[in-house]
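For reference, the structure discussed in these notes is given below.
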Amino acid sequence: MPESAKYKGVRVCQIVKVRPEKVEEYIEIHEKVPSPVLELLSKYHIEDYSIHYSSQFNLLIANFKYLGDNLERDSEKMRQEPANLEWWQLTDGMQETLVESTTGSADPKGWWQPLPEVFRFDH
């Protein structure tokens, strides 16, 4: 996790590869994300969460705002939530991580590769 993620109001951007044969299914299940999973985002201070798909690079690109005061702590708590664990068991099988030697989304090393922010313009 980037050092800046420790501070309130940080934006987080992450990438993971999607298995080509799972793209349609991945998009389809995200049309109906279970309510308990969505509620956990708010519970752990995450808002404005979006996932984009690059067919050229076969990547999923996630971007969200973290408005809490300790992303590492909240991320650890999220990794223990049964609704997240069930959701991640489904989605991890559709993805290929870029994080070396991780075992899945519940792994403290992460599953999605974090990207550093190099520019921001807030108006």
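Residues in the structure tokens are numbered from 1 in each chain, the chains being A, B, ... in the order shown, and ligands are numbered from 1 in the order shown.
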Those in chain A with alpha helix (DSSP H) from DSSP, as a ChimeraX atom specification: /A:23-29,35-43,71-78,82-92
Selection export as a PDB file, in the first residue's frame, atoms kept: C-alpha atoms:
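Output (part.pdb):
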ATOM      1  CA  VAL A  23     -14.704 -11.171 -19.179  1.00  0.00           C
ATOM      2  CA  GLU A  24     -18.403 -11.453 -19.998  1.00  0.00           C
ATOM      3  CA  GLU A  25     -19.190 -13.320 -16.790  1.00  0.00           C
ATOM      4  CA  TYR A  26     -17.195 -10.794 -14.738  1.00  0.00           C
ATOM      5  CA  ILE A  27     -19.108  -7.884 -16.244  1.00  0.00           C
ATOM      6  CA  GLU A  28     -22.424  -9.708 -15.784  1.00  0.00           C
ATOM      7  CA  ILE A  29     -21.931 -10.451 -12.071  1.00  0.00           C
ATOM      8  CA  SER A  35     -25.950  -5.730  -1.162  1.00  0.00           C
ATOM      9  CA  PRO A  36     -23.801  -6.974   1.748  1.00  0.00           C
ATOM     10  CA  VAL A  37     -20.669  -6.459  -0.372  1.00  0.00           C
ATOM     11  CA  LEU A  38     -21.729  -2.930  -1.327  1.00  0.00           C
ATOM     12  CA  GLU A  39     -22.611  -2.104   2.285  1.00  0.00           C
ATOM     13  CA  LEU A  40     -19.092  -3.087   3.376  1.00  0.00           C
ATOM     14  CA  LEU A  41     -17.620  -0.448   1.077  1.00  0.00           C
ATOM     15  CA  SER A  42     -19.480   2.255   2.976  1.00  0.00           C
ATOM     16  CA  LYS A  43     -18.775   0.634   6.358  1.00  0.00           C
ATOM     17  CA  LEU A  71      -6.642   2.199   5.153  1.00  0.00           C
ATOM     18  CA  GLU A  72      -4.435  -0.655   6.323  1.00  0.00           C
ATOM     19  CA  ARG A  73      -6.627  -1.321   9.373  1.00  0.00           C
ATOM     20  CA  ASP A  74      -9.864  -1.080   7.411  1.00  0.00           C
ATOM     21  CA  SER A  75      -8.458  -3.307   4.663  1.00  0.00           C
ATOM     22  CA  GLU A  76      -7.580  -5.938   7.266  1.00  0.00           C
ATOM     23  CA  LYS A  77     -11.104  -5.819   8.678  1.00  0.00           C
ATOM     24  CA  MET A  78     -12.585  -6.124   5.175  1.00  0.00           C
ATOM     25  CA  PRO A  82     -17.687 -13.281   5.245  1.00  0.00           C
ATOM     26  CA  ALA A  83     -19.562 -11.443   2.459  1.00  0.00           C
ATOM     27  CA  ASN A  84     -16.270 -10.204   0.987  1.00  0.00           C
ATOM     28  CA  LEU A  85     -14.629 -13.614   1.312  1.00  0.00           C
ATOM     29  CA  GLU A  86     -17.488 -15.225  -0.609  1.00  0.00           C
ATOM     30  CA  TRP A  87     -17.430 -12.508  -3.305  1.00  0.00           C
ATOM     31  CA  TRP A  88     -13.658 -12.701  -3.675  1.00  0.00           C
ATOM     32  CA  GLN A  89     -13.766 -16.487  -3.961  1.00  0.00           C
ATOM     33  CA  LEU A  90     -15.981 -15.961  -7.009  1.00  0.00           C
ATOM     34  CA  THR A  91     -14.098 -13.055  -8.585  1.00  0.00           C
ATOM     35  CA  ASP A  92     -10.515 -14.193  -7.894  1.00  0.00           C
TER      36      ASP A  92
END
Residue among A:Val16, A:Ile46, A:Arg120, A:Ala106 lying closest to Tyr66 of chain A, counting only C-alpha atoms: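 Closest candidate: A:Ile46.
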